[in-house]
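Novice: I have a structure I would like to understand better, so I am pasting it below and will then ask my questions one at a time.
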Amino acid sequence: MLRIRSLGTFYGRVRALDAVSLSVRHREIVTLIGANGAGKSTILNSISGLIPSREGEIIFQGRRLNGQPPEEVVRLGICQVPEGRQVFQPLTVLENLELGAYLRFRKREKREIRRDLDMVYSLFPVLKERRHQISGTLSGGEQQMLAIGRALMARPALLLLDEPSMGLAPRLVLEIFRTIRRLRHEGLTILMVEQNARAALRIADRGYVLETGRIVLQGRARDLLDDNDVKRAYLGRDYREFVEGRM
Amino acid sequence: MSVEIWNREMECQDRDDLAQLQLEQLQATLNRAYKSVPFYHDRLEGSGLGPSAVRSLDDLARLPFTTREDLNQTYPYGLFAVPLRDIVRIHSATGTGIQPAVSGYTGNDLGIWKEMVARCLTAAGVGPEDIVQICFDPGLANWARDFKDGAETVEASVIPMTPLEIPKQLMIMNDYKTSVLVTTPSYVRQVLREMERKGVTPKTLALRRAVLAGEDMSQTTRSHLEGAFHIKIHTAYGLSEVPGPAIAYECKERNGLHLNEDHFLAEVIDPAAGAPVRPGEAGELVLTTLTAKAYPLIRFRTGDRTRLAMEPCPCGRTFARLEVLAGRADQLVVIRGVKLHPRLIEGIMTRLIKGGQPAHVGFVKRWEGADLLEVWVEVDEALFSDEIKVLEILAHRVRRELEQSLGIPVRIRLMEPGTMNEHRNSLGRIIDERRNG
């Protein structure tokens, strides 16, 4: 579904990604793990068209994404849930969700949008309860649900999730991950960046490990969970944080 | 019920998907090797390349080769890409010098090898209802272990390798009702000879298949052995340095060996020029590991002469097919599946014999169906001793040392000065006196 070959991305003169190749197949959950600054979010932003990529190619369902503006990428079926739950704080929950379907309003898909709204509400009942509430007053977990819900309103084929568990209490982390798994079950394909490597690898089919802009390891998620380098670098701390609830 | 294809998702995948997978794996392998193995780091830097020099699979040809000599130079752990505490198994294989070639494996690595053997056995029609008897010379004990693991993975009943002599092995084959024999072509020939001697006919055996590895085998030999045993023979290709006996394996079409392309990237090169041959042409096989974590090999020159066929196979597997050709692209001689470099003999002589290297020639002979190495050593003035016993002890020590390094039978003949004249031009070399097949 998505194929990236030898992607090279720069921030000014600084190289952020160096010959990164990765792929996501239909209905897969793929996760990118790595330390802060390794380039995980840069990959998502390069796919979305938020950052121009200078080298390599990004092919989505046979079409080249390089150089496409973000709205075109959304139109082609890719939607990104940005890091840090960037919802429109002054707007209500419903307004946020409707914004997610912005491109489709123009195409007069009213009935379908209605149905998708119901789907989002059934996925996150709390959003329905609070649909008229100002988003800024939601809890962290609820804002994350809203951010995901808003992305789903664009009816993507591929969902890009940037740190969906960041800053959430352990109980909510579990809930978000359960939802991600359910979304896949319902036909969505997911590429997810996560600090919480253990939780991400547990629900993912495959994973890629990034180090300073390069992929150093890739493979089945269960093999990565067993990998000693991964354990040392990414699993130890998360585990402690998880158990001690230090968030 | 045995499945025909062990891992359909991998073995039958679309070639485009496979190319993408290989590029991802190759880049990750290079990044790891560059970061963790000083040898590869320096090699890449030395060629003016970084780890990201490879942007397409074709770029691989820009990287330097790794040779058996490099394995020797980095003895023992110089090519390991993970700390020793992550290694769960350490293998030794005969090297080009006195020191063995050492390789290491993480737990995940072993799982990969196991699966490759499982694919091979499944493709050969081996399954849970089979009784698999594994027979190798001690020199191929690594492969015996890998076959045992793989055969257990496909849930066959496994009789692992034992140091028993051929008559005992034959007894076991008969009494335990072995249905699959896993060994080398030369071993099968010895078993056949033993059967003839004992008057055992194939009808009394339950044997129905053999999986053979370690030596190339002519079509004539294959047909002869199949007829003599009333069995079907499948072959496998492997390297002893990375102890996978099943890097490539034969399916029921038996028209070339499917290469595990999700774990290895293959190139075929002209051994003299080092450049790739045209698709489908014969040349030396060069392998790059794509998934090995502990012991990555980048452009390893196997010395094996092969041809690679890309046409689709009726069995449904999309992996390229390897045709293993007779002869070698290097100086190695293969005896019972064990690779011997002439320098090994030289090294052992230098160590054991003080006062200079005596003239010597190695011969590979077939004696009563069994292959062996015979080394002729000229008793020159430096070596000469009035006491026959001293010479005998010396010969014994050279033999023992060689047998320990190779794990196959060796004979030493002490030659009077002047008697080796006809081999003047072959001193220090190995002469293969086996007839083809």
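By convention here, the chains of the structure tokens are called A, B, ... in the order presented, each chain's residues are numbered starting at 1, and ligands are numbered starting at 1 in the order presented.
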Which residues, written as an MDAnalysis selection string, have at least one atom at most 10 Å from stretch 109-115 of chain A, with only C-alpha atoms counted and residues fewer than 6 positions away on the same chain left out?

Specialist: chainID A and resid 97:98 100:103 121 153:155

Novice: Using the selection just defined, write its residues with N, CA and C atoms as a compact mmCIF listing (two decimals), in the first residue's frame.

Specialist:
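For reference, part25.txt as written:
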# COMPACT_ATOMS: atom_id res chain seq x y z
N LEU A 97 -14.69 17.42 14.82
CA LEU A 97 -14.90 16.22 14.00
C LEU A 97 -15.34 16.61 12.59
N GLU A 98 -16.21 17.64 12.52
CA GLU A 98 -16.68 18.06 11.20
C GLU A 98 -15.53 18.63 10.37
N GLY A 100 -12.62 17.58 10.40
CA GLY A 100 -11.89 16.44 9.85
C GLY A 100 -12.45 16.00 8.52
N ALA A 101 -13.74 16.25 8.33
CA ALA A 101 -14.39 15.83 7.08
C ALA A 101 -14.45 16.98 6.09
N TYR A 102 -13.67 18.03 6.34
CA TYR A 102 -13.74 19.27 5.56
C TYR A 102 -13.72 19.03 4.05
N LEU A 103 -12.74 18.20 3.62
CA LEU A 103 -12.62 17.98 2.17
C LEU A 103 -13.86 17.30 1.61
N TYR A 121 -18.43 8.02 17.16
CA TYR A 121 -19.10 8.03 18.46
C TYR A 121 -19.17 6.63 19.07
N MET A 153 -12.60 10.99 10.34
CA MET A 153 -13.66 11.66 9.59
C MET A 153 -13.24 11.97 8.16
N ALA A 154 -11.94 11.93 7.90
CA ALA A 154 -11.48 12.14 6.52
C ALA A 154 -11.53 10.84 5.73
N ARG A 155 -11.97 9.76 6.41
CA ARG A 155 -12.07 8.45 5.75
C ARG A 155 -10.75 7.99 5.13

Novice: Please list as a PyMOL selection string every residue within 10 Å of B:Arg209, counting only C-alpha atoms and excluding residues in the same chain fewer than 3 positions away.

Specialist: chain B and resi 124-126+130+132+178-182+206+212+226+229-234

Novice: List the neighbours of stretch 92-98 of chain B out to 7 Å using only C-alpha atoms; skip same-chain residues closer than 2 positions along the sequence, and give me the result as a PyMOL selection string.

Specialist: chain B and resi 68-69+72+90+100-103+240-241+339+341+343-344+347-348+405-406

Novice: Enumerate, in order of chain and increasing residue number, the residues of chain A with an atom no farther than 8 Å from chain B, each with its shortest atom pair and distance in Å to one decimal, counting only C-alpha atoms, as a tab-separated table.

Specialist:
residue	atom	partner	partner_atom	distance
A:Arg3	CA	B:Gln20	CA	7.6
A:Arg5	CA	B:Arg55	CA	7.7
A:Ser6	CA	B:Arg55	CA	5.5
A:Asp18	CA	B:Ser52	CA	6.7
A:Ala19	CA	B:Ser52	CA	5.8
A:Val20	CA	B:Glu24	CA	7.8
A:Ser21	CA	B:Glu24	CA	5.3
A:Leu22	CA	B:Glu24	CA	6.1
A:Ser23	CA	B:Gln20	CA	7.6
A:Arg214	CA	B:Asn31	CA	7.2
A:Ile215	CA	B:Ala28	CA	5.4
A:Val216	CA	B:Ala28	CA	4.4
A:Leu217	CA	B:Ala28	CA	5.4
A:Gln218	CA	B:Gln25	CA	6.9
A:Asp223	CA	B:Asn108	CA	6.7
A:Asp226	CA	B:Asn108	CA	7.5
A:Asp227	CA	B:Asn108	CA	7.4
A:Asn228	CA	B:Asp86	CA	6.6

Novice: Produce a file of the selected residues containing C-alpha atoms, as a PDB file, in the first residue's frame.

Specialist:
ATOM      1  CA  ARG A   3       6.331   2.064  -0.241  1.00  0.00           C
ATOM      2  CA  ARG A   5      12.479   3.962  -1.050  1.00  0.00           C
ATOM      3  CA  SER A   6      15.692   5.614   0.121  1.00  0.00           C
ATOM      4  CA  ASP A  18      19.264   9.107   5.274  1.00  0.00           C
ATOM      5  CA  ALA A  19      18.237   6.409   2.809  1.00  0.00           C
ATOM      6  CA  VAL A  20      15.144   5.343   4.709  1.00  0.00           C
ATOM      7  CA  SER A  21      13.119   2.583   3.072  1.00  0.00           C
ATOM      8  CA  LEU A  22       9.984   1.174   4.569  1.00  0.00           C
ATOM      9  CA  SER A  23       6.656  -0.204   3.553  1.00  0.00           C
ATOM     10  CA  ARG A 214      18.676   5.639   9.555  1.00  0.00           C
ATOM     11  CA  ILE A 215      16.829   2.368   9.916  1.00  0.00           C
ATOM     12  CA  VAL A 216      19.012  -0.089  11.787  1.00  0.00           C
ATOM     13  CA  LEU A 217      16.567  -2.888  12.306  1.00  0.00           C
ATOM     14  CA  GLN A 218      13.313  -4.028  10.803  1.00  0.00           C
ATOM     15  CA  ASP A 223      11.081 -10.617  16.844  1.00  0.00           C
ATOM     16  CA  ASP A 226      12.904 -10.320  21.601  1.00  0.00           C
ATOM     17  CA  ASP A 227      15.821  -8.343  20.232  1.00  0.00           C
ATOM     18  CA  ASN A 228      18.413  -7.456  22.836  1.00  0.00           C
TER      19      ASN A 228
END

Novice: Where does DSSP see strand (DSSP E or B) in stretch 37-99 of chain A, if you list the residues as number ranges by chain?

Specialist: A: 53-60, 63-64, 78-81, 92

Novice: Closest to B:Val268 among B:Leu340, B:Val324, B:Thr289, B:Ile247, using only C-alpha atoms?

Specialist: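 Closest to B:Val268 of all the choices is B:Val324.
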
Novice: Per DSSP on the backbone, what are the helix (DSSP H, G or I) residues of stretch 52-200 of chain A, as a PyMOL selection string?

Specialist: chain A and resi 70-75+93-100+102-106+110-123+125-129+135-137+140-152+170-185+197-200

Novice: Generate the output file for the selected residues, C-alpha atoms, as a PDB file, in the first residue's frame.

Specialist:
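Result file result-v2.pdb:
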ATOM      1  CA  PRO A  70      -0.771  17.979   2.335  1.00  0.00           C
ATOM      2  CA  GLU A  71      -4.391  18.409   1.249  1.00  0.00           C
ATOM      3  CA  GLU A  72      -3.732  16.284  -1.833  1.00  0.00           C
ATOM      4  CA  VAL A  73      -2.177  13.583   0.366  1.00  0.00           C
ATOM      5  CA  VAL A  74      -5.321  13.632   2.519  1.00  0.00           C
ATOM      6  CA  ARG A  75      -7.474  13.422  -0.579  1.00  0.00           C
ATOM      7  CA  VAL A  93     -15.976  18.325  19.853  1.00  0.00           C
ATOM      8  CA  LEU A  94     -18.497  18.140  17.036  1.00  0.00           C
ATOM      9  CA  GLU A  95     -16.950  21.090  15.226  1.00  0.00           C
ATOM     10  CA  ASN A  96     -13.547  19.438  15.431  1.00  0.00           C
ATOM     11  CA  LEU A  97     -14.904  16.222  13.999  1.00  0.00           C
ATOM     12  CA  GLU A  98     -16.677  18.059  11.204  1.00  0.00           C
ATOM     13  CA  LEU A  99     -13.448  19.831  10.341  1.00  0.00           C
ATOM     14  CA  GLY A 100     -11.887  16.436   9.855  1.00  0.00           C
ATOM     15  CA  TYR A 102     -13.737  19.266   5.562  1.00  0.00           C
ATOM     16  CA  LEU A 103     -12.616  17.980   2.174  1.00  0.00           C
ATOM     17  CA  ARG A 104     -15.663  15.773   1.984  1.00  0.00           C
ATOM     18  CA  PHE A 105     -18.157  18.529   2.810  1.00  0.00           C
ATOM     19  CA  ARG A 106     -17.123  20.135  -0.396  1.00  0.00           C
ATOM     20  CA  LYS A 110     -23.376  14.559   3.847  1.00  0.00           C
ATOM     21  CA  ARG A 111     -24.994  11.222   4.456  1.00  0.00           C
ATOM     22  CA  GLU A 112     -21.684   9.378   4.576  1.00  0.00           C
ATOM     23  CA  ILE A 113     -20.290  11.967   6.952  1.00  0.00           C
ATOM     24  CA  ARG A 114     -23.256  11.421   9.254  1.00  0.00           C
ATOM     25  CA  ARG A 115     -22.550   7.700   9.242  1.00  0.00           C
ATOM     26  CA  ASP A 116     -18.873   8.209   9.960  1.00  0.00           C
ATOM     27  CA  LEU A 117     -19.733  10.487  12.831  1.00  0.00           C
ATOM     28  CA  ASP A 118     -21.800   7.674  14.320  1.00  0.00           C
ATOM     29  CA  MET A 119     -18.891   5.337  13.779  1.00  0.00           C
ATOM     30  CA  VAL A 120     -16.540   7.675  15.665  1.00  0.00           C
ATOM     31  CA  TYR A 121     -19.104   8.026  18.463  1.00  0.00           C
ATOM     32  CA  SER A 122     -19.445   4.276  18.772  1.00  0.00           C
ATOM     33  CA  LEU A 123     -15.656   3.978  18.892  1.00  0.00           C
ATOM     34  CA  PRO A 125     -18.755   7.046  23.325  1.00  0.00           C
ATOM     35  CA  VAL A 126     -17.330   9.813  25.506  1.00  0.00           C
ATOM     36  CA  LEU A 127     -17.035  12.065  22.456  1.00  0.00           C
ATOM     37  CA  LYS A 128     -20.739  11.707  21.821  1.00  0.00           C
ATOM     38  CA  GLU A 129     -21.537  12.620  25.415  1.00  0.00           C
ATOM     39  CA  SER A 135     -12.450  20.765  23.203  1.00  0.00           C
ATOM     40  CA  GLY A 136      -9.974  22.664  25.350  1.00  0.00           C
ATOM     41  CA  THR A 137     -11.796  21.463  28.435  1.00  0.00           C
ATOM     42  CA  GLY A 140      -5.731  14.507  27.747  1.00  0.00           C
ATOM     43  CA  GLY A 141      -7.118  11.089  26.874  1.00  0.00           C
ATOM     44  CA  GLU A 142     -10.318  12.554  25.495  1.00  0.00           C
ATOM     45  CA  GLN A 143      -8.368  15.008  23.363  1.00  0.00           C
ATOM     46  CA  GLN A 144      -6.361  12.124  21.926  1.00  0.00           C
ATOM     47  CA  MET A 145      -9.584  10.291  21.108  1.00  0.00           C
ATOM     48  CA  LEU A 146     -10.869  13.435  19.463  1.00  0.00           C
ATOM     49  CA  ALA A 147      -7.686  13.798  17.422  1.00  0.00           C
ATOM     50  CA  ILE A 148      -8.020  10.222  16.186  1.00  0.00           C
ATOM     51  CA  GLY A 149     -11.740  10.657  15.610  1.00  0.00           C
ATOM     52  CA  ARG A 150     -11.123  13.789  13.608  1.00  0.00           C
ATOM     53  CA  ALA A 151      -8.607  11.973  11.387  1.00  0.00           C
ATOM     54  CA  LEU A 152     -11.086   9.138  10.827  1.00  0.00           C
ATOM     55  CA  PRO A 170      -1.450   3.817  31.640  1.00  0.00           C
ATOM     56  CA  ARG A 171      -5.137   2.925  31.648  1.00  0.00           C
ATOM     57  CA  LEU A 172      -5.793   5.306  28.769  1.00  0.00           C
ATOM     58  CA  VAL A 173      -2.747   4.066  26.890  1.00  0.00           C
ATOM     59  CA  LEU A 174      -4.257   0.595  26.927  1.00  0.00           C
ATOM     60  CA  GLU A 175      -7.551   1.968  25.704  1.00  0.00           C
ATOM     61  CA  ILE A 176      -5.982   3.902  22.846  1.00  0.00           C
ATOM     62  CA  PHE A 177      -4.021   0.844  21.752  1.00  0.00           C
ATOM     63  CA  ARG A 178      -7.120  -1.299  21.946  1.00  0.00           C
ATOM     64  CA  THR A 179      -8.864   1.193  19.695  1.00  0.00           C
ATOM     65  CA  ILE A 180      -5.991   1.132  17.207  1.00  0.00           C
ATOM     66  CA  ARG A 181      -6.257  -2.615  16.985  1.00  0.00           C
ATOM     67  CA  ARG A 182      -9.983  -2.325  16.445  1.00  0.00           C
ATOM     68  CA  LEU A 183      -9.495   0.209  13.658  1.00  0.00           C
ATOM     69  CA  ARG A 184      -7.270  -2.239  11.846  1.00  0.00           C
ATOM     70  CA  HIS A 185      -9.887  -4.903  12.338  1.00  0.00           C
ATOM     71  CA  ALA A 197       7.955   0.761  22.176  1.00  0.00           C
ATOM     72  CA  ARG A 198       6.722  -2.233  24.107  1.00  0.00           C
ATOM     73  CA  ALA A 199       3.048  -1.354  23.845  1.00  0.00           C
ATOM     74  CA  ALA A 200       3.454  -0.445  20.184  1.00  0.00           C
TER      75      ALA A 200
END

Novice: Tell me which protein, DNA and RNA residues are within 10 Å of A:Thr212, counting only C-alpha atoms, leaving out same-chain ones fewer than 5 positions away, and put them as a list of chain:residue names.

Specialist: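 Once the adjacent positions are removed, what remains is A:Arg15, A:Ala16, A:Leu17, A:Asp18, A:Gly34, A:Ala35, A:Asn36, A:Gly37, A:Ala38, A:Gly39, A:Lys40.
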
Novice: Give me the residues near B:Cys315 as a PyMOL selection string, where near means some atom within 8 Å (using only C-alpha atoms) and where sequence neighbours in that chain fewer than 2 positions away do not count.

Specialist: chain B and resi 251-253+313+317

Novice: With C-alpha atoms retained, export the selected residues as a compact mmCIF listing (two decimals), in the first residue's frame.

Specialist:
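And here is the file that came out, selection_12.txt:
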# COMPACT_ATOMS: atom_id res chain seq x y z
CA CYS B 251 11.19 -28.14 -4.58
CA LYS B 252 9.36 -31.05 -6.16
CA GLU B 253 10.12 -29.71 -9.64
CA CYS B 313 8.65 -22.08 -11.05
CA ARG B 317 7.54 -20.23 -5.16

Novice: Considering only C-alpha atoms, state which residue in the set A:Ser46, A:Thr9, A:Gln89, A:Thr31 is at the smallest distance from A:Ser139.

Specialist: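 So, comparing all the options, the nearest one is A:Gln89.
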
Novice: Ranking A:Val24, A:Leu201, A:Ile4, A:Leu91 by minimum distance to A:Ile43 and counting only C-alpha atoms, which one comes first?

Specialist: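 The answer is A:Ile4, which sits nearest to A:Ile43.
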
Novice: Need to verify the contact set: A:Ile29, 7 Å, only C-alpha atoms, exclusion of same-chain residues closer than 4 positions in sequence. Can you return it as a list in words?

Specialist: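 Contacts, with the query itself left out: Thr189, Ile190, Leu191, Ala204, Asp205 and Arg206 of chain A.
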
Novice: Could you dump the residues just selected with C-alpha atoms as a PDB file, in the first residue's frame?

Specialist:
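Done, and the output landed in out_39.pdb:
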ATOM      1  CA  THR A 189      -4.016   0.413   7.713  1.00  0.00           C
ATOM      2  CA  ILE A 190      -1.886   2.073  10.353  1.00  0.00           C
ATOM      3  CA  LEU A 191       1.624   3.503  10.527  1.00  0.00           C
ATOM      4  CA  ALA A 204       1.981  -4.074  15.613  1.00  0.00           C
ATOM      5  CA  ASP A 205       2.636  -6.660  12.909  1.00  0.00           C
ATOM      6  CA  ARG A 206       5.999  -5.236  11.974  1.00  0.00           C
TER       7      ARG A 206
END

Novice: What does the distance between atom CA of B:Leu79 and atom CA of B:Arg299 come to in Å, to one decimal place?

Specialist: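 Rounded to one decimal, the two atoms are 13.4 Å apart.
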
Novice: Please, what distance in Å, to one decimal, runs between atom CA of A:Pro69 and atom CA of A:Thr42?

Specialist: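 So the two atoms, atom CA of A:Pro69 and atom CA of A:Thr42, lie 15.7 Å apart.
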
Novice: Could you state the separation of atom CA of B:Gly337 and atom CA of B:His258 in Å, given to one decimal place?

Specialist: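 Distance reported for this atom pair: 19.8 Å.
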